[in-house]
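Visitor: Okay, so here is target.txt, and as you'll see once you scroll down, it has compact mmCIF, C-alpha atoms.
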# COMPACT_ATOMS: atom_id res chain seq x y z
CA MET K 132 36.04 189.87 88.20
CA LYS K 133 39.83 189.96 88.11
CA LYS K 134 41.41 191.74 85.20
CA MET K 135 44.86 192.33 83.80
CA VAL K 136 45.75 195.31 81.65
CA VAL K 137 47.88 195.06 78.54
CA LEU K 138 48.98 198.40 77.19
CA GLY K 139 48.42 199.45 73.61
CA MET K 140 45.74 199.09 70.97
CA GLU K 141 43.70 202.07 72.14
CA GLY K 142 43.79 200.97 75.77
CA ARG K 143 41.64 197.90 75.18
CA TRP K 144 41.77 194.83 77.40
CA LEU K 145 43.91 192.52 75.29
CA PHE K 146 45.02 189.98 77.90
CA PRO K 147 42.21 187.52 76.99
CA MET K 148 43.84 186.91 73.61
CA LEU K 149 47.03 185.56 75.21
CA PRO K 150 45.80 181.98 75.87
CA PRO K 151 44.54 181.26 72.35
CA PHE K 152 47.68 182.85 70.94
CA LEU K 153 49.91 180.74 73.22
CA VAL K 154 48.36 177.52 72.03
CA LEU K 155 47.67 178.26 68.38
CA ALA K 156 51.12 179.72 67.76
CA PRO K 157 52.92 176.51 68.74
CA SER K 158 50.06 174.36 67.49
CA TRP K 159 51.27 175.10 63.99
CA GLN K 160 54.55 173.50 65.09
CA LEU K 161 52.67 170.24 64.72
CA VAL K 162 52.77 170.66 60.97
CA GLY K 163 56.55 171.04 60.96
CA TYR K 164 57.42 168.53 63.67
CA SER K 165 57.68 165.42 61.50
CA SER K 166 60.10 166.96 59.01
CA PRO K 167 63.26 167.43 61.12
CA THR K 168 62.55 164.40 63.32
CA GLU K 169 61.72 161.70 60.77
CA SER K 170 65.08 159.92 60.60
CA SER K 171 65.62 159.91 64.37
CA ILE K 172 62.10 158.67 65.16
CA VAL K 173 62.34 155.89 62.57
CA GLU K 174 65.71 154.82 63.93
CA ASP K 175 64.83 154.99 67.66
CA LEU K 176 61.47 153.23 67.40
CA GLY K 177 62.32 150.98 64.47
CA LEU K 178 59.45 152.27 62.32
CA SER K 179 58.94 151.35 58.70
CA VAL K 180 58.28 153.99 56.08
CA ALA K 181 54.60 153.07 56.15
CA GLU K 182 54.41 153.39 59.95
CA PHE K 183 56.02 156.81 59.92
CA SER K 184 53.72 157.86 57.10
CA VAL K 185 50.78 157.01 59.36
CA PHE K 186 52.34 159.16 62.09
CA GLY K 187 52.78 162.05 59.69
CA SER K 188 49.33 161.92 58.13
CA ILE K 189 47.27 161.09 61.22
CA LEU K 190 47.61 164.75 62.22
CA SER K 191 45.30 165.61 59.33
CA ILE K 192 42.76 163.01 60.48
CA GLY K 193 42.73 164.50 63.97
CA ALA K 194 42.37 167.99 62.53
CA LEU K 195 39.46 166.81 60.39
CA LEU K 196 37.71 165.39 63.46
CA GLY K 197 38.37 168.54 65.45
CA SER K 198 37.07 170.77 62.68
CA ALA K 199 33.92 168.67 62.34
CA VAL K 200 32.91 169.08 65.99
CA SER K 201 34.52 172.44 66.80
CA GLY K 202 31.37 174.50 66.29
CA LYS K 203 29.19 172.23 68.41
CA ILE K 204 31.77 171.96 71.20
CA THR K 205 32.43 175.68 71.52
CA ASP K 206 28.71 176.51 71.43
CA LEU K 207 27.84 173.83 73.99
CA LEU K 208 30.70 174.29 76.46
CA GLY K 209 31.65 177.89 75.83
CA ARG K 210 34.89 179.33 74.49
CA LYS K 211 36.76 179.32 77.81
CA LEU K 212 35.96 175.74 78.87
CA THR K 213 36.81 174.55 75.36
CA MET K 214 40.24 176.16 75.75
CA TRP K 215 40.75 174.23 78.97
CA ILE K 216 39.88 170.94 77.30
CA LEU K 217 42.06 171.65 74.26
CA ASN K 218 44.92 172.56 76.55
CA LEU K 219 44.75 169.08 78.09
CA PHE K 220 44.69 167.47 74.63
CA TYR K 221 47.64 169.64 73.64
CA ILE K 222 49.86 168.87 76.63
CA GLY K 223 48.83 165.21 76.70
CA GLY K 224 49.56 164.76 73.01
CA TRP K 225 53.09 166.12 73.26
CA LEU K 226 53.83 164.11 76.41
CA ALA K 227 52.63 160.94 74.66
CA ILE K 228 55.05 161.61 71.82
CA ALA K 229 57.93 162.56 74.12
CA PHE K 230 57.74 159.44 76.30
CA THR K 231 56.43 156.86 73.86
CA LYS K 232 58.17 153.57 73.33
CA SER K 233 55.63 152.15 70.86
CA PRO K 234 54.18 153.32 67.54
CA TRP K 235 50.55 153.27 68.70
CA LEU K 236 51.18 155.81 71.49
CA LEU K 237 53.14 157.97 69.06
CA ASP K 238 50.16 157.98 66.70
CA LEU K 239 47.70 158.59 69.53
CA GLY K 240 49.64 161.65 70.65
CA ARG K 241 49.74 162.97 67.10
CA LEU K 242 46.01 162.34 66.71
CA SER K 243 45.32 164.27 69.91
CA LEU K 244 47.38 167.19 68.67
CA GLY K 245 45.58 167.12 65.33
CA PHE K 246 42.25 167.32 67.14
CA THR K 247 43.58 170.31 69.08
CA ILE K 248 44.71 172.23 66.03
CA GLY K 249 41.52 171.41 64.11
CA THR K 250 39.33 172.77 66.90
CA PHE K 251 41.54 175.72 67.77
CA THR K 252 41.74 176.83 64.15
CA TYR K 253 38.02 177.53 64.46
CA LEU K 254 37.98 178.70 68.08
CA MET K 255 40.76 181.26 67.97
CA PRO K 256 39.42 183.58 65.23
CA VAL K 257 35.91 183.26 66.69
CA TYR K 258 37.05 184.18 70.20
CA ILE K 259 39.22 187.05 68.96
CA SER K 260 36.40 188.52 66.87
CA GLU K 261 33.96 188.22 69.78
CA ILE K 262 36.09 190.00 72.39
CA THR K 263 37.61 192.76 70.25
CA THR K 264 36.02 195.97 69.03
CA LYS K 265 35.44 196.72 65.37
CA SER K 266 38.36 199.16 65.28
CA VAL K 267 40.97 196.50 66.10
CA ARG K 268 39.24 193.28 65.06
CA GLY K 269 40.85 193.10 61.64
CA ARG K 270 44.36 193.56 63.01
CA PHE K 271 44.05 190.66 65.39
CA SER K 272 42.35 188.42 62.86
CA VAL K 273 45.68 188.03 61.06
CA ILE K 274 47.23 186.32 64.10
CA PRO K 275 46.44 182.76 62.90
CA SER K 276 48.30 183.35 59.63
CA LEU K 277 51.31 184.79 61.44
CA THR K 278 51.43 181.93 63.91
CA PHE K 279 51.34 179.41 61.06
CA GLY K 280 54.66 180.58 59.67
CA TRP K 281 56.20 181.13 63.09
CA GLY K 282 55.34 177.67 64.38
CA ILE K 283 56.67 175.79 61.38
CA SER K 284 59.87 177.86 61.31
CA PHE K 285 60.42 177.20 65.01
CA MET K 286 60.22 173.44 64.52
CA TYR K 287 62.51 173.45 61.51
CA VAL K 288 65.19 175.49 63.29
CA VAL K 289 65.07 174.04 66.81
CA GLY K 290 64.47 170.50 65.51
CA SER K 291 67.83 170.63 63.76
CA PHE K 292 69.66 170.91 67.11
CA VAL K 293 67.71 168.84 69.65
CA SER K 294 66.39 165.29 69.78
CA TRP K 295 62.82 164.53 68.80
CA ARG K 296 61.84 163.77 72.39
CA THR K 297 63.32 167.04 73.64
CA LEU K 298 61.56 168.91 70.87
CA ALA K 299 58.23 167.42 71.95
CA LEU K 300 58.88 168.46 75.56
CA ILE K 301 59.74 172.00 74.46
CA ALA K 302 56.43 172.13 72.61
CA THR K 303 54.52 171.53 75.88
CA ILE K 304 55.76 174.82 77.35
CA PRO K 305 53.09 177.05 75.71
CA GLY K 306 50.36 174.76 77.00
CA LEU K 307 51.77 174.99 80.53
CA LEU K 308 52.07 178.78 80.24
CA GLN K 309 48.42 178.92 79.24
CA LEU K 310 47.18 177.42 82.50
CA LEU K 311 47.52 180.62 84.55
CA PRO K 312 45.90 183.04 82.04
CA LEU K 313 42.93 180.71 81.67
CA PHE K 314 41.94 181.45 85.27
CA PHE K 315 41.58 185.16 84.53
CA ILE K 316 40.28 185.59 81.00
CA PRO K 317 36.56 186.32 80.56
CA GLU K 318 34.13 184.25 78.57
CA SER K 319 33.08 185.50 75.14
CA PRO K 320 30.38 188.19 75.52
CA ARG K 321 28.50 186.85 72.52
CA TRP K 322 28.43 183.34 73.95
CA VAL K 323 27.12 184.43 77.36
CA ALA K 324 24.41 186.41 75.57
CA LYS K 325 23.58 183.40 73.44
CA VAL K 326 22.97 181.22 76.52
CA GLY K 327 20.84 183.92 78.16
CA ARG K 328 23.25 185.17 80.85
CA ASP K 329 22.51 188.87 80.32
CA LYS K 330 23.91 190.06 83.67
CA GLU K 331 27.18 188.30 83.00
CA LEU K 332 27.24 189.91 79.56
CA GLU K 333 27.58 193.33 81.19
CA ASP K 334 30.34 192.11 83.53
CA VAL K 335 32.30 190.61 80.65
CA LEU K 336 32.06 193.78 78.56
CA LEU K 337 33.20 195.91 81.51
CA CYS K 338 36.11 193.54 81.98
CA LEU K 339 37.10 193.86 78.33
CA ARG K 340 36.44 197.58 77.82
CA GLY K 341 37.18 198.99 81.27
CA ASN K 342 35.01 199.80 84.30
CA LYS K 343 34.13 203.27 83.05
CA ALA K 344 33.32 202.26 79.48
CA ASP K 345 29.87 202.85 78.01
CA ILE K 346 28.80 199.34 77.05
CA PHE K 347 25.08 199.97 76.50
CA ASN K 348 25.20 200.17 72.71
CA GLU K 349 27.57 197.23 72.34
CA ALA K 350 25.46 195.06 74.67
CA ALA K 351 22.33 195.91 72.67
CA GLU K 352 24.12 195.13 69.41
CA ILE K 353 25.24 191.73 70.75
CA LYS K 354 21.71 190.87 71.87
CA ASP K 355 20.33 191.79 68.44
CA TYR K 356 23.00 189.64 66.84
CA VAL K 357 22.08 186.67 69.03
CA GLU K 358 18.41 187.05 68.11
CA SER K 359 19.31 187.07 64.41
CA LEU K 360 21.29 183.86 64.93
CA LYS K 361 18.27 182.19 66.47
CA SER K 362 16.23 183.16 63.42
CA PHE K 363 18.90 181.73 61.12
CA SER K 364 19.02 178.49 63.13
CA LYS K 365 15.31 177.99 62.58
CA GLU K 366 15.75 178.37 58.84
CA GLY K 367 18.48 175.73 58.82
CA ILE K 368 21.97 175.42 57.39
CA LEU K 369 20.57 174.29 54.04
CA GLU K 370 19.69 177.95 53.37
CA ILE K 371 23.27 178.58 52.24
CA PHE K 372 22.71 176.25 49.28
CA GLN K 373 20.27 178.66 47.68
CA LYS K 374 21.02 179.73 44.13
CA LYS K 375 22.14 183.21 45.18
CA TYR K 376 24.90 181.70 47.34
CA VAL K 377 26.21 179.20 44.77
CA ARG K 378 29.05 181.35 43.41
CA PRO K 379 30.60 182.41 46.76
CA LEU K 380 30.13 178.90 48.16
CA LEU K 381 31.90 177.29 45.20
CA THR K 382 34.66 179.89 45.44
CA VAL K 383 35.36 179.16 49.09
CA VAL K 384 35.14 175.37 48.77
CA GLY K 385 37.19 175.42 45.57
CA MET K 386 39.96 177.45 47.16
CA ILE K 387 40.15 175.10 50.14
CA ILE K 388 40.32 172.04 47.87
CA LEU K 389 42.98 173.57 45.62
CA MET K 390 45.10 174.64 48.60
CA ASN K 391 45.13 171.10 49.97
CA LEU K 392 45.66 169.43 46.59
CA GLY K 393 48.61 171.74 46.04
CA GLY K 394 50.71 169.62 48.39
CA ALA K 395 51.52 172.28 51.01
CA ASN K 396 50.90 169.90 53.92
CA ALA K 397 52.92 167.09 52.37
CA PHE K 398 55.85 169.44 51.85
CA ALA K 399 55.62 170.70 55.44
CA PHE K 400 55.44 167.16 56.85
CA TYR K 401 58.33 165.75 54.82
CA SER K 402 60.42 168.72 53.64
CA GLY K 403 63.57 167.23 55.19
CA VAL K 404 63.30 164.06 53.11
CA ILE K 405 62.40 166.09 50.03
CA PHE K 406 65.56 168.19 50.36
CA VAL K 407 67.68 165.09 50.94
CA SER K 408 66.22 163.45 47.82
CA ALA K 409 67.03 166.61 45.90
CA GLY K 410 70.68 166.30 46.92
CA ASN K 411 70.84 168.99 49.65
CA THR K 412 73.55 167.55 51.89
CA ILE K 413 73.34 170.33 54.51
CA VAL K 414 69.69 169.71 55.25
CA GLY K 415 70.26 165.98 54.99
CA ALA K 416 72.95 166.04 57.63
CA LYS K 417 70.73 167.88 60.08
CA CYS K 418 67.70 165.71 59.40
CA ASN K 419 69.73 162.58 59.98
CA LYS K 420 71.18 163.86 63.22
Take the structure in the file and give it back as structure tokens.
Guide:
Amino acid sequence: MKKMVVLGMEGRWLFPMLPPFLVLAPSWQLVGYSSPTESSIVEDLGLSVAEFSVFGSILSIGALLGSAVSGKITDLLGRKLTMWILNLFYIGGWLAIAFTKSPWLLDLGRLSLGFTIGTFTYLMPVYISEITTKSVRGRFSVIPSLTFGWGISFMYVVGSFVSWRTLALIATIPGLLQLLPLFFIPESPRWVAKVGRDKELEDVLLCLRGNKADIFNEAAEIKDYVESLKSFSKEGILEIFQKKYVRPLLTVVGMIILMNLGGANAFAFYSGVIFVSAGNTIVGAKCNK
């Protein structure tokens, strides 16, 4: 199996994390894309306020769909094949936006990108946690949060200087860069163990840890984990609704609801218009470019 070494982090094999990072980092640009481009898109395509509102909000619908099926897709197809599929959705979505001449294709591209971000938001932390060791797992788990801020900032800054079509084409670059790494990265060791490919499990761990690494204990731990998952699956998902889980479940669900009701997405989608309405002429001039 071909490998590529990335220095640092205790000599671990970190190259496999490049593809999910390449896509998820710019995927968060989707949230900030509509803000600096609203005026130009409305003018070029002759959209009404309602039509552009559909374009802005349909991202959330796509993300909802992606989140709903993300677990099933990644378990059925594997982490690596799912990345391939999402990469196609990602590139195709941006190309649809960049070359569209009608509102329906604009919305379809945005929907495709929403599906990508909804699925990848689940896939990336899962894949990272499954290929890293305990000593570095926590450090890399913060990547999604960092990419969120980076992606939105990128769109706000670059979108102030280029056209909305050019901005969409720029956003395809990470997806194109991901194509080559996808040929070399290994599958998740936990997934190959889950589907019963024990021999491949050893090859994947040697690829990630190095040819001379002692993988016996980690392989045994992964197999035990997979067996415990099978036991949980038989019990059913309804087990989490037991009385002893009520408080943590309500805490998690409540936090998610409050975060979304707080208006963070609406501000990210339409911050340019919000600043213009507040009388910020500098932002208004750039948004109306």
Visitor: Within 10 Å of (22.2, 186.8, 70.2) (file coordinates; only C-alpha atoms), which protein or nucleic acid residues are there? I'd like them as a count of residues only.
Guide: 21
Visitor: Identify which of the residues K:Arg328, K:Glu182, K:Thr213, K:Asn218 lies closest to Leu308 of chain K, counting all atoms listed in the file when measuring atom-to-atom distances.
Guide: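 Going through K:Arg328, K:Glu182, K:Thr213, K:Asn218 one by one, the smallest distance to Leu308 of chain K is for K:Asn218.
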Visitor: Skipping near chain neighbours, those fewer than 4 positions away, what residues fall within 6 Å of segment 248-253 of chain K using all atoms listed in the file, listed as a PyMOL selection string?
Guide: chain K and resi 158+194+197-198+201
Visitor: For Ala399 of chain K, list every protein, DNA or RNA residue within 8 Å, evaluated using all atoms listed in the file, and leave out those in the same chain fewer than 4 positions away; present the list as a PyMOL selection string.
Guide: chain K and resi 162-163+166+283+395
Visitor: Only C-alpha atoms, please: the residues just picked out, written as a JSON list (two decimals), in the frame of the given file.
Guide:
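Listing of selection-v5.json after writing:
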[["chain", "number", "residue", "atom", "x", "y", "z"],
["K", 162, "VAL", "CA", 52.77, 170.66, 60.97],
["K", 163, "GLY", "CA", 56.55, 171.04, 60.96],
["K", 166, "SER", "CA", 60.10, 166.96, 59.01],
["K", 283, "ILE", "CA", 56.67, 175.79, 61.38],
["K", 395, "ALA", "CA", 51.52, 172.28, 51.01]]
Visitor: At a cut-off of 12 Å, using only C-alpha atoms, what residues contact Leu226 of chain K? Leave out same-chain residues fewer than 5 positions from it and give the result as a CSV table (one decimal) with C-alpha atoms, in the frame of the given file.
Guide:
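Once written, around-v5.csv looks like this:
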chain,number,residue,atom,x,y,z
K,219,LEU,CA,44.8,169.1,78.1
K,220,PHE,CA,44.7,167.5,74.6
K,221,TYR,CA,47.6,169.6,73.6
K,231,THR,CA,56.4,156.9,73.9
K,232,LYS,CA,58.2,153.6,73.3
K,236,LEU,CA,51.2,155.8,71.5
K,237,LEU,CA,53.1,158.0,69.1
K,239,LEU,CA,47.7,158.6,69.5
K,240,GLY,CA,49.6,161.6,70.6
K,241,ARG,CA,49.7,163.0,67.1
K,243,SER,CA,45.3,164.3,69.9
K,244,LEU,CA,47.4,167.2,68.7
K,295,TRP,CA,62.8,164.5,68.8
K,296,ARG,CA,61.8,163.8,72.4
K,297,THR,CA,63.3,167.0,73.6
K,298,LEU,CA,61.6,168.9,70.9
K,299,ALA,CA,58.2,167.4,72.0
K,300,LEU,CA,58.9,168.5,75.6
K,301,ILE,CA,59.7,172.0,74.5
K,302,ALA,CA,56.4,172.1,72.6
K,303,THR,CA,54.5,171.5,75.9
K,304,ILE,CA,55.8,174.8,77.4
K,306,GLY,CA,50.4,174.8,77.0
K,307,LEU,CA,51.8,175.0,80.5
Visitor: Please determine the residues with any atom at most 12 Å from (53.1, 157.6, 56.7) (coordinates as given in the file, with all atoms listed in the file counting) and report them as a list in words.
Guide: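 In the file's frame, the residues around the point are Ser165, Ser166, Glu169, Val173, Leu178, Ser179, Val180, Ala181, Glu182, Phe183, Ser184, Val185, Phe186, Gly187, Ser188, Ile189, Leu190, Ser191, Pro234, Asp238, Ala397, Phe400 and Tyr401 of chain K.
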Visitor: So that I can see what lies close to segment 260-264 of chain K, please list as a PyMOL selection string the residues with an atom at most 7 Å from it, counting all atoms listed in the file and leaving out residues fewer than 3 positions away in the same chain.
Guide: chain K and resi 256-257+267-268+319-321
Visitor: Hey, could you patch up segment 375-391 of chain K with N, CA, C and O atoms and hand it over as a PDB file, in the coordinates of the input?
Guide:
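Output (out.pdb):
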ATOM      1  N   LYS K 375      21.420 181.942  45.069  1.00  0.00           N
ATOM      2  CA  LYS K 375      22.140 183.210  45.180  1.00  0.00           C
ATOM      3  C   LYS K 375      23.480 183.052  45.906  1.00  0.00           C
ATOM      4  O   LYS K 375      24.346 183.939  45.843  1.00  0.00           O
ATOM      5  N   TYR K 376      23.658 181.923  46.619  1.00  0.00           N
ATOM      6  CA  TYR K 376      24.900 181.700  47.340  1.00  0.00           C
ATOM      7  C   TYR K 376      25.831 180.723  46.611  1.00  0.00           C
ATOM      8  O   TYR K 376      26.911 180.408  47.116  1.00  0.00           O
ATOM      9  N   VAL K 377      25.441 180.233  45.462  1.00  0.00           N
ATOM     10  CA  VAL K 377      26.210 179.200  44.770  1.00  0.00           C
ATOM     11  C   VAL K 377      27.623 179.682  44.433  1.00  0.00           C
ATOM     12  O   VAL K 377      28.607 178.980  44.707  1.00  0.00           O
ATOM     13  N   ARG K 378      27.730 180.866  43.843  1.00  0.00           N
ATOM     14  CA  ARG K 378      29.050 181.350  43.410  1.00  0.00           C
ATOM     15  C   ARG K 378      30.010 181.540  44.585  1.00  0.00           C
ATOM     16  O   ARG K 378      31.145 181.017  44.548  1.00  0.00           O
ATOM     17  N   PRO K 379      29.649 182.281  45.642  1.00  0.00           N
ATOM     18  CA  PRO K 379      30.600 182.410  46.760  1.00  0.00           C
ATOM     19  C   PRO K 379      30.901 181.091  47.456  1.00  0.00           C
ATOM     20  O   PRO K 379      32.028 180.862  47.905  1.00  0.00           O
ATOM     21  N   LEU K 380      29.907 180.189  47.522  1.00  0.00           N
ATOM     22  CA  LEU K 380      30.130 178.900  48.160  1.00  0.00           C
ATOM     23  C   LEU K 380      31.131 178.067  47.368  1.00  0.00           C
ATOM     24  O   LEU K 380      32.051 177.468  47.932  1.00  0.00           O
ATOM     25  N   LEU K 381      30.965 178.030  46.050  1.00  0.00           N
ATOM     26  CA  LEU K 381      31.900 177.290  45.200  1.00  0.00           C
ATOM     27  C   LEU K 381      33.295 177.901  45.255  1.00  0.00           C
ATOM     28  O   LEU K 381      34.298 177.183  45.199  1.00  0.00           O
ATOM     29  N   THR K 382      33.366 179.213  45.365  1.00  0.00           N
ATOM     30  CA  THR K 382      34.660 179.890  45.440  1.00  0.00           C
ATOM     31  C   THR K 382      35.419 179.485  46.698  1.00  0.00           C
ATOM     32  O   THR K 382      36.603 179.127  46.642  1.00  0.00           O
ATOM     33  N   VAL K 383      34.728 179.509  47.823  1.00  0.00           N
ATOM     34  CA  VAL K 383      35.360 179.160  49.090  1.00  0.00           C
ATOM     35  C   VAL K 383      35.778 177.687  49.118  1.00  0.00           C
ATOM     36  O   VAL K 383      36.924 177.350  49.438  1.00  0.00           O
ATOM     37  N   VAL K 384      34.850 176.798  48.765  1.00  0.00           N
ATOM     38  CA  VAL K 384      35.140 175.370  48.770  1.00  0.00           C
ATOM     39  C   VAL K 384      36.241 175.041  47.769  1.00  0.00           C
ATOM     40  O   VAL K 384      37.156 174.250  48.051  1.00  0.00           O
ATOM     41  N   GLY K 385      36.180 175.658  46.592  1.00  0.00           N
ATOM     42  CA  GLY K 385      37.190 175.420  45.570  1.00  0.00           C
ATOM     43  C   GLY K 385      38.579 175.840  46.016  1.00  0.00           C
ATOM     44  O   GLY K 385      39.565 175.125  45.775  1.00  0.00           O
ATOM     45  N   MET K 386      38.669 176.981  46.686  1.00  0.00           N
ATOM     46  CA  MET K 386      39.960 177.450  47.160  1.00  0.00           C
ATOM     47  C   MET K 386      40.543 176.507  48.211  1.00  0.00           C
ATOM     48  O   MET K 386      41.740 176.206  48.204  1.00  0.00           O
ATOM     49  N   ILE K 387      39.686 176.021  49.103  1.00  0.00           N
ATOM     50  CA  ILE K 387      40.150 175.100  50.140  1.00  0.00           C
ATOM     51  C   ILE K 387      40.666 173.803  49.512  1.00  0.00           C
ATOM     52  O   ILE K 387      41.720 173.280  49.891  1.00  0.00           O
ATOM     53  N   ILE K 388      39.915 173.281  48.537  1.00  0.00           N
ATOM     54  CA  ILE K 388      40.320 172.040  47.870  1.00  0.00           C
ATOM     55  C   ILE K 388      41.643 172.221  47.120  1.00  0.00           C
ATOM     56  O   ILE K 388      42.548 171.392  47.216  1.00  0.00           O
ATOM     57  N   LEU K 389      41.761 173.320  46.386  1.00  0.00           N
ATOM     58  CA  LEU K 389      42.980 173.570  45.620  1.00  0.00           C
ATOM     59  C   LEU K 389      44.196 173.748  46.524  1.00  0.00           C
ATOM     60  O   LEU K 389      45.298 173.292  46.207  1.00  0.00           O
ATOM     61  N   MET K 390      43.992 174.427  47.661  1.00  0.00           N
ATOM     62  CA  MET K 390      45.100 174.640  48.600  1.00  0.00           C
ATOM     63  C   MET K 390      45.625 173.301  49.131  1.00  0.00           C
ATOM     64  O   MET K 390      46.836 173.096  49.255  1.00  0.00           O
ATOM     65  N   ASN K 391      44.708 172.391  49.436  1.00  0.00           N
ATOM     66  CA  ASN K 391      45.130 171.100  49.970  1.00  0.00           C
ATOM     67  C   ASN K 391      45.702 170.194  48.902  1.00  0.00           C
ATOM     68  O   ASN K 391      46.643 169.432  49.152  1.00  0.00           O
TER      69      ASN K 391
END
